[in-house]
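Below is one structure; the comments refer to it alone.
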Amino acid sequence: MKVTVCIGSSCHIKGSRQVVESLQELIAKNGLGDRVELGGTFCMGRCKDGVSVTVDGVFHSVSPETVEEFFNDEIKAKI
């Protein structure tokens, strides 16, 4: 599974660093490092939607407050 987080300036201001750090911790804590590829990219063109994240190409809007729920619903549940 490929998870990509926008680290462009708009998403950075909205908390992309915290989202990336939380996802790294959750992936490690759940032993999914060999099954989830976490990467970053610059602007995805959806700046108004919060921190832009794709999971295997499907767009999601995530915030530092919703990252754990996002992980459980969109990553952990689908592996």
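Going through the structure tokens in order, the chains are called A, B, and so on, while each chain numbers its residues from 1 and the ligands are numbered from 1 in the order shown.
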Next item on the list: Once DSSP has gone over the backbone, tell me which residues of region 10-63 of chain A are in helix (DSSP H, G or I), as an MDAnalysis selection string.
Entry: chainID A and resid 10:13 16:29 47:49
Item checked: For Lys2 (chain A): contacts at 7 Å, only C-alpha atoms, fewer than 3 positions along chain excluded, given as a ChimeraX atom specification -> /A:36-38,55-56
Save the residues we just selected, C-alpha atoms, as a short mmCIF file (atom, residue, chain, number, x, y, z; two decimals), in the first residue's frame?
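Output contents, as saved in again33.cif:
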data_model
loop_
_atom_site.label_atom_id
_atom_site.label_comp_id
_atom_site.auth_asym_id
_atom_site.auth_seq_id
_atom_site.Cartn_x
_atom_site.Cartn_y
_atom_site.Cartn_z
CA VAL A 36 2.94 0.37 3.86
CA GLU A 37 5.16 2.72 1.85
CA LEU A 38 4.91 6.23 3.29
CA VAL A 55 -3.82 5.92 -0.31
CA ASP A 56 -3.06 3.97 -3.48
#
Next item on the list: Apply DSSP to the backbone of this structure and, from chain A, keep only the residues in strand (DSSP E or B); write these as a PyMOL selection string.
Entry: chain A and resi 2-6+37-41+51-55+58-62
For the residues in the current selection, export C-alpha atoms as an mmCIF file, in the first residue's frame.
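The resulting again.cif:
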data_model
loop_
_atom_site.group_PDB
_atom_site.id
_atom_site.type_symbol
_atom_site.label_atom_id
_atom_site.label_comp_id
_atom_site.auth_asym_id
_atom_site.auth_seq_id
_atom_site.Cartn_x
_atom_site.Cartn_y
_atom_site.Cartn_z
ATOM 1 C CA LYS A 2 1.351 3.418 -0.952
ATOM 2 C CA VAL A 3 0.473 6.392 1.272
ATOM 3 C CA THR A 4 1.550 9.851 0.090
ATOM 4 C CA VAL A 5 1.269 13.004 2.198
ATOM 5 C CA CYS A 6 1.436 16.495 0.730
ATOM 6 C CA GLU A 37 5.157 2.718 1.854
ATOM 7 C CA LEU A 38 4.914 6.234 3.293
ATOM 8 C CA GLY A 39 6.094 9.080 1.090
ATOM 9 C CA GLY A 40 5.798 12.815 0.633
ATOM 10 C CA THR A 41 5.087 15.033 -2.322
ATOM 11 C CA VAL A 51 -3.611 18.044 4.585
ATOM 12 C CA SER A 52 -3.904 16.089 1.342
ATOM 13 C CA VAL A 53 -3.142 12.373 1.592
ATOM 14 C CA THR A 54 -3.544 9.636 -1.004
ATOM 15 C CA VAL A 55 -3.815 5.921 -0.309
ATOM 16 C CA VAL A 58 -7.369 7.748 -3.608
ATOM 17 C CA PHE A 59 -7.543 11.260 -2.129
ATOM 18 C CA HIS A 60 -8.281 11.943 1.548
ATOM 19 C CA SER A 61 -8.253 15.083 3.668
ATOM 20 C CA VAL A 62 -6.533 14.520 7.018
#
Margin query: Can you pull out the residues contacting Thr66 (chain A)? Cut-off 12 Å, using only C-alpha atoms, and skip same-chain residues under 3 positions away; I want them as a ChimeraX atom specification.
Written below: /A:15-16,18-19,22-23,50-51,60-63,69-74
Take the residues that were just selected and, keeping N, CA, C and O atoms, output them as a PDB file, in the first residue's frame.
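Written output follows (selection-v4.pdb):
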ATOM      1  N   GLY A  15      -0.550  21.274   9.137  1.00  0.00           N
ATOM      2  CA  GLY A  15      -0.115  20.194  10.013  1.00  0.00           C
ATOM      3  C   GLY A  15       0.420  18.947   9.338  1.00  0.00           C
ATOM      4  O   GLY A  15       0.438  17.884   9.947  1.00  0.00           O
ATOM      5  N   SER A  16       0.901  19.059   8.110  1.00  0.00           N
ATOM      6  CA  SER A  16       1.378  17.855   7.425  1.00  0.00           C
ATOM      7  C   SER A  16       2.552  17.191   8.146  1.00  0.00           C
ATOM      8  O   SER A  16       2.655  15.962   8.149  1.00  0.00           O
ATOM      9  N   GLN A  18       3.014  16.936  11.396  1.00  0.00           N
ATOM     10  CA  GLN A  18       2.441  16.131  12.468  1.00  0.00           C
ATOM     11  C   GLN A  18       1.745  14.891  11.904  1.00  0.00           C
ATOM     12  O   GLN A  18       1.803  13.817  12.507  1.00  0.00           O
ATOM     13  N   VAL A  19       1.079  15.033  10.750  1.00  0.00           N
ATOM     14  CA  VAL A  19       0.410  13.895  10.112  1.00  0.00           C
ATOM     15  C   VAL A  19       1.442  12.841   9.730  1.00  0.00           C
ATOM     16  O   VAL A  19       1.268  11.652  10.009  1.00  0.00           O
ATOM     17  N   SER A  22       2.844  11.152  12.897  1.00  0.00           N
ATOM     18  CA  SER A  22       1.849  10.249  13.483  1.00  0.00           C
ATOM     19  C   SER A  22       1.718   8.978  12.656  1.00  0.00           C
ATOM     20  O   SER A  22       1.644   7.876  13.207  1.00  0.00           O
ATOM     21  N   LEU A  23       1.679   9.113  11.333  1.00  0.00           N
ATOM     22  CA  LEU A  23       1.579   7.937  10.477  1.00  0.00           C
ATOM     23  C   LEU A  23       2.804   7.044  10.627  1.00  0.00           C
ATOM     24  O   LEU A  23       2.679   5.816  10.685  1.00  0.00           O
ATOM     25  N   GLY A  50      -7.394  20.803   3.406  1.00  0.00           N
ATOM     26  CA  GLY A  50      -6.626  20.336   4.562  1.00  0.00           C
ATOM     27  C   GLY A  50      -5.382  19.618   4.106  1.00  0.00           C
ATOM     28  O   GLY A  50      -4.942  19.779   2.975  1.00  0.00           O
ATOM     29  N   VAL A  51      -4.810  18.798   4.955  1.00  0.00           N
ATOM     30  CA  VAL A  51      -3.611  18.044   4.585  1.00  0.00           C
ATOM     31  C   VAL A  51      -4.048  16.956   3.600  1.00  0.00           C
ATOM     32  O   VAL A  51      -4.857  16.091   3.931  1.00  0.00           O
ATOM     33  N   HIS A  60      -7.656  11.757   0.237  1.00  0.00           N
ATOM     34  CA  HIS A  60      -8.281  11.943   1.548  1.00  0.00           C
ATOM     35  C   HIS A  60      -7.806  13.273   2.119  1.00  0.00           C
ATOM     36  O   HIS A  60      -6.703  13.718   1.821  1.00  0.00           O
ATOM     37  N   SER A  61      -8.627  13.879   2.938  1.00  0.00           N
ATOM     38  CA  SER A  61      -8.253  15.083   3.668  1.00  0.00           C
ATOM     39  C   SER A  61      -8.061  14.686   5.126  1.00  0.00           C
ATOM     40  O   SER A  61      -8.968  14.125   5.742  1.00  0.00           O
ATOM     41  N   VAL A  62      -6.886  14.962   5.671  1.00  0.00           N
ATOM     42  CA  VAL A  62      -6.533  14.520   7.018  1.00  0.00           C
ATOM     43  C   VAL A  62      -6.043  15.730   7.807  1.00  0.00           C
ATOM     44  O   VAL A  62      -5.515  16.685   7.234  1.00  0.00           O
ATOM     45  N   SER A  63      -6.188  15.675   9.104  1.00  0.00           N
ATOM     46  CA  SER A  63      -5.623  16.706   9.974  1.00  0.00           C
ATOM     47  C   SER A  63      -4.896  15.992  11.114  1.00  0.00           C
ATOM     48  O   SER A  63      -5.099  14.793  11.322  1.00  0.00           O
ATOM     49  N   GLU A  69      -7.797   8.096  13.372  1.00  0.00           N
ATOM     50  CA  GLU A  69      -9.022   7.530  12.793  1.00  0.00           C
ATOM     51  C   GLU A  69      -8.800   7.198  11.313  1.00  0.00           C
ATOM     52  O   GLU A  69      -9.214   6.139  10.835  1.00  0.00           O
ATOM     53  N   PHE A  70      -8.146   8.106  10.584  1.00  0.00           N
ATOM     54  CA  PHE A  70      -7.818   7.867   9.175  1.00  0.00           C
ATOM     55  C   PHE A  70      -6.964   6.610   9.031  1.00  0.00           C
ATOM     56  O   PHE A  70      -7.236   5.760   8.185  1.00  0.00           O
ATOM     57  N   PHE A  71      -5.947   6.480   9.862  1.00  0.00           N
ATOM     58  CA  PHE A  71      -5.073   5.307   9.809  1.00  0.00           C
ATOM     59  C   PHE A  71      -5.878   4.025  10.014  1.00  0.00           C
ATOM     60  O   PHE A  71      -5.750   3.061   9.260  1.00  0.00           O
ATOM     61  N   ASN A  72      -6.706   4.010  11.050  1.00  0.00           N
ATOM     62  CA  ASN A  72      -7.484   2.807  11.356  1.00  0.00           C
ATOM     63  C   ASN A  72      -8.467   2.449  10.241  1.00  0.00           C
ATOM     64  O   ASN A  72      -8.607   1.280   9.888  1.00  0.00           O
ATOM     65  N   ASP A  73      -9.141   3.462   9.672  1.00  0.00           N
ATOM     66  CA  ASP A  73     -10.171   3.222   8.658  1.00  0.00           C
ATOM     67  C   ASP A  73      -9.618   2.971   7.268  1.00  0.00           C
ATOM     68  O   ASP A  73     -10.151   2.139   6.524  1.00  0.00           O
ATOM     69  N   GLU A  74      -8.583   3.702   6.885  1.00  0.00           N
ATOM     70  CA  GLU A  74      -8.124   3.673   5.494  1.00  0.00           C
ATOM     71  C   GLU A  74      -6.850   2.875   5.255  1.00  0.00           C
ATOM     72  O   GLU A  74      -6.537   2.542   4.117  1.00  0.00           O
TER      73      GLU A  74
END
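The closest residue to Lys78 (chain A), picked from A:Pro64, A:Leu26, A:Met44, A:Met1 and counting only C-alpha atoms, is A:Met1.
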Next item on the list: Quote the spacing between CA of Gly8 (chain A) and CA of Ala77 (chain A) in Å to one decimal place.
Entry: 27.7 Å
Next item on the list: Find the distance between CA of Gly45 (chain A) and CA of Ala28 (chain A) and write it in Å to one decimal.
Entry: 29.1 Å
Next item on the list: Measure the distance from CA of Arg46 (chain A) to CA of Ser9 (chain A) in Å and round it to one decimal.
Entry: 12.0 Å
